[in-house]
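Engineer: Sending over a structure as structure tokens; questions will come in a sec.
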Amino acid sequence: MDPDYLPFHPSPRKPVFQPPAGAVDAHCHVFGPADQFPYAAERKYTPCDAPKEKLFSLRDYLGFDRNVIVQASCHGRNNDALVDALINAEGRARGVAVVSPTVTDDELKVMDAAGVRAVRFNFVKRLVDATPREVFLEIADRIARLGWHIVVYFEAPDLEELIPFLKQLPTTVVVDHMGRPDVTKSVDHPDFQRFVGFMDDHENVWTKVSCPERLTVSGPPYDDVIAHARTLVERFPDRVLWGTDWPHPNMKSHVPDEGDLVDVIPRIAVTEALQSKLLVDNPTRLYWK
Ligand code: 0GY
């Protein structure tokens with residue numbers, strides 16, 4: 001099975017920036033291997049295999065200590081590859097699952113024991129078929145009882161319409177990739193300010209200042225994404241997370257070098273105190289409590 005996007009970088013460069021002790025890559029994936037963990041029939045893309053061993057060696061190479069592994073749409077609602085990675089991570093990984101409304105309490109308990117701490121609700125139309133909001137709300141109530149939280153993925157034009165729904169969620173809500181702003185519009189543009197205002201108004205909302213490789217127009221070293229990410233880090237220092245997004249599914253413009261991605265960190269979190277919050281304190285509070 002051939003992936004329908006670019007492969008991940010075979011030999012990323014060593015970053016100049018050295019993450020602090022205990023640093024967490026809080027957004028990454030494992031895919032397959034397909035012969036062990038087949039991809040979902042309903043998937044919208046076919047990934048390249050990106051097994052746990054490769055993720056763990058990248059973690060060590062980049063100088064990170066831990067991972068938060070996010071179930072991606074190509075594995076649908078079968079979290080077996082994710083759970084397998086978690087139970088083989090020796091306590092150094094936590095997970096974000098995607099579940100169906102028919103998931104049983106026993107299945108949730110097994111995932112919890114493996115290290116799952118959140119579910120992801122995906123609203124990106126090119127990645128998933130729509131799920132009714134009532135279904136998401138039912139799932140939200142069930143996982144809240146386990147002390148889990150909710151990760152949401154949507155694109156900037158959808159925020160306004162989603163706000164009433166997001167307000168109903170009973171847990172911490174983590175927004176993937178800064179809500180996917182159009183970085184050709186400045187941080188002062190009403191679109192980005194809508195996202196900033198949403199975070200201002202809702203203290204349970206966090207965000208990942210991740211994915212410059214997806215948001216950029218100018219390409220590496222991602223100059224055009226710095227202001228947006230830095231604005232969020234400085235305004236919400238206790239509610240931001242960072243991740244590599246390895247192995248970067250659906251990248252078609254360029255193959256990201258994780259060394260370049262890690263070297264974005266000191267440009268968006270410009271003091272050691274901000275770096276510690278972003279990479280250590282915040283993810284530890286949310287995923288290792
Ligand atoms: C990401 C981004 C993407 C894919 C998925 O679940 C997924 O398949 O999240 C994307 O294509 O933008 O966070 O991995």
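Identifiers for the structure tokens are assigned positionally: chains receive A, B, ... in sequence, residues are indexed from 1 per chain, and ligands are indexed from 1 in the order shown.
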Neighbours of ligand 1 at 7 Å or closer, counting only C-alpha atoms and all ligand atoms: which residues, as JSON, numbers by chain?

Structural biologist: {"A": [71, 72, 73, 74, 127, 176, 245, 248, 249, 250]}

Engineer: Could those residues be written to a file, using N, CA, C and O atoms, as a PDB file, in the first residue's frame?

Structural biologist:
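selection04.pdb, written as the output of this step:
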```pdb
ATOM      1  N   GLN A  71      -4.329   9.662  18.162  1.00  0.00           N
ATOM      2  CA  GLN A  71      -4.946   8.788  17.167  1.00  0.00           C
ATOM      3  C   GLN A  71      -5.292   9.616  15.936  1.00  0.00           C
ATOM      4  O   GLN A  71      -5.978  10.646  16.042  1.00  0.00           O
ATOM      5  N   ALA A  72      -4.825   9.184  14.777  1.00  0.00           N
ATOM      6  CA  ALA A  72      -5.124   9.934  13.549  1.00  0.00           C
ATOM      7  C   ALA A  72      -6.249   9.247  12.786  1.00  0.00           C
ATOM      8  O   ALA A  72      -6.546   8.063  12.992  1.00  0.00           O
ATOM      9  N   SER A  73      -6.853   9.992  11.877  1.00  0.00           N
ATOM     10  CA  SER A  73      -8.063   9.534  11.197  1.00  0.00           C
ATOM     11  C   SER A  73      -7.841   8.266  10.370  1.00  0.00           C
ATOM     12  O   SER A  73      -8.783   7.500  10.172  1.00  0.00           O
ATOM     13  N   CYS A  74      -6.610   8.024   9.923  1.00  0.00           N
ATOM     14  CA  CYS A  74      -6.377   6.840   9.074  1.00  0.00           C
ATOM     15  C   CYS A  74      -6.539   5.535   9.840  1.00  0.00           C
ATOM     16  O   CYS A  74      -6.686   4.477   9.237  1.00  0.00           O
ATOM     17  N   LEU A 127     -10.721  15.095   6.318  1.00  0.00           N
ATOM     18  CA  LEU A 127     -10.170  13.963   7.067  1.00  0.00           C
ATOM     19  C   LEU A 127     -11.226  12.972   7.552  1.00  0.00           C
ATOM     20  O   LEU A 127     -10.944  11.782   7.698  1.00  0.00           O
ATOM     21  N   ASP A 176      -6.107  21.838  18.404  1.00  0.00           N
ATOM     22  CA  ASP A 176      -4.924  21.480  17.624  1.00  0.00           C
ATOM     23  C   ASP A 176      -4.458  22.624  16.731  1.00  0.00           C
ATOM     24  O   ASP A 176      -5.265  23.306  16.079  1.00  0.00           O
ATOM     25  N   ASP A 245       4.259  16.696  15.436  1.00  0.00           N
ATOM     26  CA  ASP A 245       3.304  16.202  14.436  1.00  0.00           C
ATOM     27  C   ASP A 245       3.907  15.081  13.569  1.00  0.00           C
ATOM     28  O   ASP A 245       3.364  14.748  12.520  1.00  0.00           O
ATOM     29  N   HIS A 248       3.810  13.611  10.149  1.00  0.00           N
ATOM     30  CA  HIS A 248       3.308  14.674   9.264  1.00  0.00           C
ATOM     31  C   HIS A 248       2.402  14.150   8.148  1.00  0.00           C
ATOM     32  O   HIS A 248       2.680  14.355   6.958  1.00  0.00           O
ATOM     33  N   PRO A 249       1.310  13.479   8.497  1.00  0.00           N
ATOM     34  CA  PRO A 249       0.438  12.954   7.435  1.00  0.00           C
ATOM     35  C   PRO A 249      -0.091  14.071   6.539  1.00  0.00           C
ATOM     36  O   PRO A 249      -0.317  15.190   6.994  1.00  0.00           O
ATOM     37  N   ASN A 250      -0.239  13.725   5.268  1.00  0.00           N
ATOM     38  CA  ASN A 250      -0.834  14.640   4.275  1.00  0.00           C
ATOM     39  C   ASN A 250       0.041  15.819   3.896  1.00  0.00           C
ATOM     40  O   ASN A 250      -0.449  16.782   3.313  1.00  0.00           O
TER      41      ASN A 250
END
```

Engineer: Val16 of chain A: which residues within 7 Å, counting only C-alpha atoms, same-chain residues fewer than 2 positions away excluded, as number ranges by chain?

Structural biologist: A: 14, 18, 263

Engineer: Please identify all polymer residues within 7 Å of segment 77-80 of chain A, counting only C-alpha atoms, omitting same-chain residues fewer than 3 positions from it, and present them as a PyMOL selection string.

Structural biologist: chain A and resi 37+71+83-84+97-100

Engineer: Nearest residue to Cys28 of chain A out of A:Thr104, A:Asn122, A:Gln193, A:Thr244, using only C-alpha atoms?

Structural biologist: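 Distance minimum relative to Cys28 of chain A lands on A:Thr244.
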
Engineer: For Thr184 of chain A, which of A:Leu215, A:Val264, A:Leu159, A:Val135 is the closest residue, counting only C-alpha atoms?

Structural biologist: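 Nearest to Thr184 of chain A: A:Leu215.
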
Engineer: So which bits of segment 162-267 of chain A end up helix (DSSP H, G or I) when you DSSP the backbone, as a ChimeraX atom specification?

Structural biologist: /A:162-167,176-179,190-201,212-215,223-235,258-262,265-267

Engineer: Go ahead and save the residues from that selection, with N, CA and C atoms, as a short mmCIF file (atom, residue, chain, number, x, y, z; two decimals), in the first residue's frame.

Structural biologist:
```
data_model
loop_
_atom_site.label_atom_id
_atom_site.label_comp_id
_atom_site.auth_asym_id
_atom_site.auth_seq_id
_atom_site.Cartn_x
_atom_site.Cartn_y
_atom_site.Cartn_z
N LEU A 162 -18.52 26.83 15.42
CA LEU A 162 -18.31 25.77 16.43
C LEU A 162 -18.37 26.29 17.87
N ILE A 163 -18.24 27.60 18.06
CA ILE A 163 -18.12 28.12 19.43
C ILE A 163 -19.26 27.66 20.36
N PRO A 164 -20.53 27.74 19.93
CA PRO A 164 -21.60 27.29 20.85
C PRO A 164 -21.41 25.84 21.29
N PHE A 165 -20.96 24.99 20.37
CA PHE A 165 -20.71 23.58 20.73
C PHE A 165 -19.51 23.47 21.67
N LEU A 166 -18.44 24.16 21.35
CA LEU A 166 -17.23 24.06 22.17
C LEU A 166 -17.50 24.52 23.61
N LYS A 167 -18.38 25.50 23.74
CA LYS A 167 -18.72 26.01 25.07
C LYS A 167 -19.43 24.97 25.93
N ASP A 176 -6.11 21.84 18.40
CA ASP A 176 -4.92 21.48 17.62
C ASP A 176 -4.46 22.62 16.73
N HIS A 177 -3.15 22.78 16.67
CA HIS A 177 -2.48 23.61 15.67
C HIS A 177 -3.04 25.04 15.59
N MET A 178 -3.26 25.63 16.80
CA MET A 178 -3.69 27.04 16.90
C MET A 178 -5.01 27.31 16.18
N GLY A 179 -5.80 26.25 15.97
CA GLY A 179 -7.04 26.47 15.22
C GLY A 179 -6.79 26.72 13.74
N PRO A 190 -8.98 40.17 12.37
CA PRO A 190 -10.12 39.68 13.17
C PRO A 190 -10.20 38.15 13.26
N ASP A 191 -9.73 37.45 12.24
CA ASP A 191 -9.83 35.98 12.29
C ASP A 191 -8.97 35.41 13.42
N PHE A 192 -7.70 35.85 13.50
CA PHE A 192 -6.84 35.33 14.57
C PHE A 192 -7.29 35.88 15.92
N GLN A 193 -7.75 37.15 15.91
CA GLN A 193 -8.23 37.74 17.16
C GLN A 193 -9.48 37.02 17.68
N ARG A 194 -10.25 36.43 16.78
CA ARG A 194 -11.41 35.65 17.23
C ARG A 194 -10.93 34.45 18.06
N PHE A 195 -9.85 33.83 17.60
CA PHE A 195 -9.32 32.68 18.35
C PHE A 195 -8.72 33.14 19.68
N VAL A 196 -7.97 34.23 19.65
CA VAL A 196 -7.39 34.76 20.89
C VAL A 196 -8.52 35.11 21.88
N GLY A 197 -9.55 35.75 21.37
CA GLY A 197 -10.68 36.14 22.22
C GLY A 197 -11.38 34.92 22.80
N PHE A 198 -11.49 33.88 22.00
CA PHE A 198 -12.12 32.64 22.48
C PHE A 198 -11.32 32.07 23.64
N MET A 199 -9.99 32.08 23.53
CA MET A 199 -9.16 31.59 24.63
C MET A 199 -9.23 32.54 25.84
N ASP A 200 -9.29 33.83 25.56
CA ASP A 200 -9.43 34.80 26.66
C ASP A 200 -10.69 34.52 27.47
N ASP A 201 -11.77 34.21 26.76
CA ASP A 201 -13.08 34.08 27.41
C ASP A 201 -13.28 32.72 28.08
N PRO A 212 3.91 24.38 12.22
CA PRO A 212 4.31 25.42 11.27
C PRO A 212 4.44 24.86 9.86
N GLU A 213 4.81 23.56 9.78
CA GLU A 213 5.00 22.97 8.45
C GLU A 213 3.69 22.91 7.65
N ARG A 214 2.57 22.84 8.35
CA ARG A 214 1.27 22.83 7.65
C ARG A 214 0.75 24.23 7.38
N LEU A 215 1.08 25.16 8.28
CA LEU A 215 0.48 26.49 8.20
C LEU A 215 1.28 27.44 7.31
N ASP A 223 9.28 31.33 9.06
CA ASP A 223 9.21 32.70 9.60
C ASP A 223 7.78 33.22 9.69
N ASP A 224 6.95 32.80 8.73
CA ASP A 224 5.60 33.39 8.67
C ASP A 224 4.65 32.84 9.74
N VAL A 225 5.10 31.84 10.52
CA VAL A 225 4.23 31.27 11.55
C VAL A 225 4.63 31.73 12.96
N ILE A 226 5.81 32.34 13.05
CA ILE A 226 6.37 32.66 14.37
C ILE A 226 5.46 33.61 15.16
N ALA A 227 4.99 34.68 14.54
CA ALA A 227 4.24 35.70 15.29
C ALA A 227 2.96 35.11 15.88
N HIS A 228 2.29 34.26 15.12
CA HIS A 228 1.03 33.68 15.62
C HIS A 228 1.30 32.80 16.84
N ALA A 229 2.32 31.95 16.73
CA ALA A 229 2.60 31.03 17.84
C ALA A 229 3.12 31.80 19.06
N ARG A 230 4.00 32.76 18.81
CA ARG A 230 4.58 33.51 19.92
C ARG A 230 3.50 34.32 20.66
N THR A 231 2.57 34.86 19.93
CA THR A 231 1.46 35.60 20.55
C THR A 231 0.71 34.71 21.54
N LEU A 232 0.44 33.48 21.14
CA LEU A 232 -0.33 32.58 22.02
C LEU A 232 0.50 32.13 23.22
N VAL A 233 1.78 31.85 22.99
CA VAL A 233 2.65 31.42 24.10
C VAL A 233 2.74 32.52 25.15
N GLU A 234 2.83 33.77 24.71
CA GLU A 234 3.04 34.86 25.67
C GLU A 234 1.73 35.26 26.36
N ARG A 235 0.63 35.10 25.66
CA ARG A 235 -0.65 35.48 26.27
C ARG A 235 -1.22 34.37 27.16
N GLU A 258 12.59 17.53 11.28
CA GLU A 258 12.21 17.79 12.69
C GLU A 258 13.24 18.68 13.39
N GLY A 259 14.48 18.69 12.89
CA GLY A 259 15.47 19.62 13.45
C GLY A 259 15.00 21.06 13.27
N ASP A 260 14.44 21.37 12.09
CA ASP A 260 13.91 22.72 11.84
C ASP A 260 12.73 23.00 12.75
N LEU A 261 11.89 21.99 12.95
CA LEU A 261 10.69 22.21 13.78
C LEU A 261 11.09 22.50 15.23
N VAL A 262 12.05 21.74 15.76
CA VAL A 262 12.47 21.96 17.15
C VAL A 262 13.13 23.34 17.28
N ILE A 265 11.12 26.37 18.39
CA ILE A 265 10.68 26.54 19.80
C ILE A 265 11.26 27.82 20.44
N PRO A 266 12.58 28.05 20.40
CA PRO A 266 13.09 29.25 21.09
C PRO A 266 12.66 30.56 20.44
N ARG A 267 12.09 30.48 19.23
CA ARG A 267 11.60 31.70 18.58
C ARG A 267 10.16 32.00 18.99
#
```

Engineer: So, counting only C-alpha atoms, which residue among A:Arg94, A:His29, A:Arg239, A:His9 is closest to Leu279 of chain A?

Structural biologist: A:Arg239

Engineer: Could you give me the residues within segment 23-234 of chain A that DSSP places in strand (DSSP E), as a PyMOL selection string?

Structural biologist: chain A and resi 24-28+66-70+93-97+116-122+149-153+173-175+205-208

Engineer: Would you mind telling me which residue in A:Ala41, A:Ile268, A:Leu169, A:Val209 lies nearest to Pro181 of chain A when using only C-alpha atoms?

Structural biologist: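 Using only C-alpha atoms, Pro181 of chain A sits closest to A:Val209.
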
Engineer: I'd like the neighbourhood of Ala130 of chain A as a list in words, where a residue qualifies if any of its atoms comes within 12 Å (using only C-alpha atoms), though same-chain residues fewer than 6 positions away should be ignored.

Structural biologist: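 The residues satisfying every condition are Phe121, Asn122, Phe123, Val124, Phe136 and Phe154 of chain A.
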
Engineer: Since we have the selection now, will you write its residues out, keeping C-alpha atoms, as an mmCIF file, in the first residue's frame?

Structural biologist:
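Saved result, part10.cif, follows:
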```
data_model
loop_
_atom_site.group_PDB
_atom_site.id
_atom_site.type_symbol
_atom_site.label_atom_id
_atom_site.label_comp_id
_atom_site.auth_asym_id
_atom_site.auth_seq_id
_atom_site.Cartn_x
_atom_site.Cartn_y
_atom_site.Cartn_z
ATOM 1 C CA PHE A 121 -13.100 15.314 18.027
ATOM 2 C CA ASN A 122 -12.143 15.984 14.410
ATOM 3 C CA PHE A 123 -14.075 18.557 12.367
ATOM 4 C CA VAL A 124 -11.711 18.766 9.393
ATOM 5 C CA PHE A 136 -19.773 14.099 20.673
ATOM 6 C CA PHE A 154 -10.856 22.310 13.107
#
```
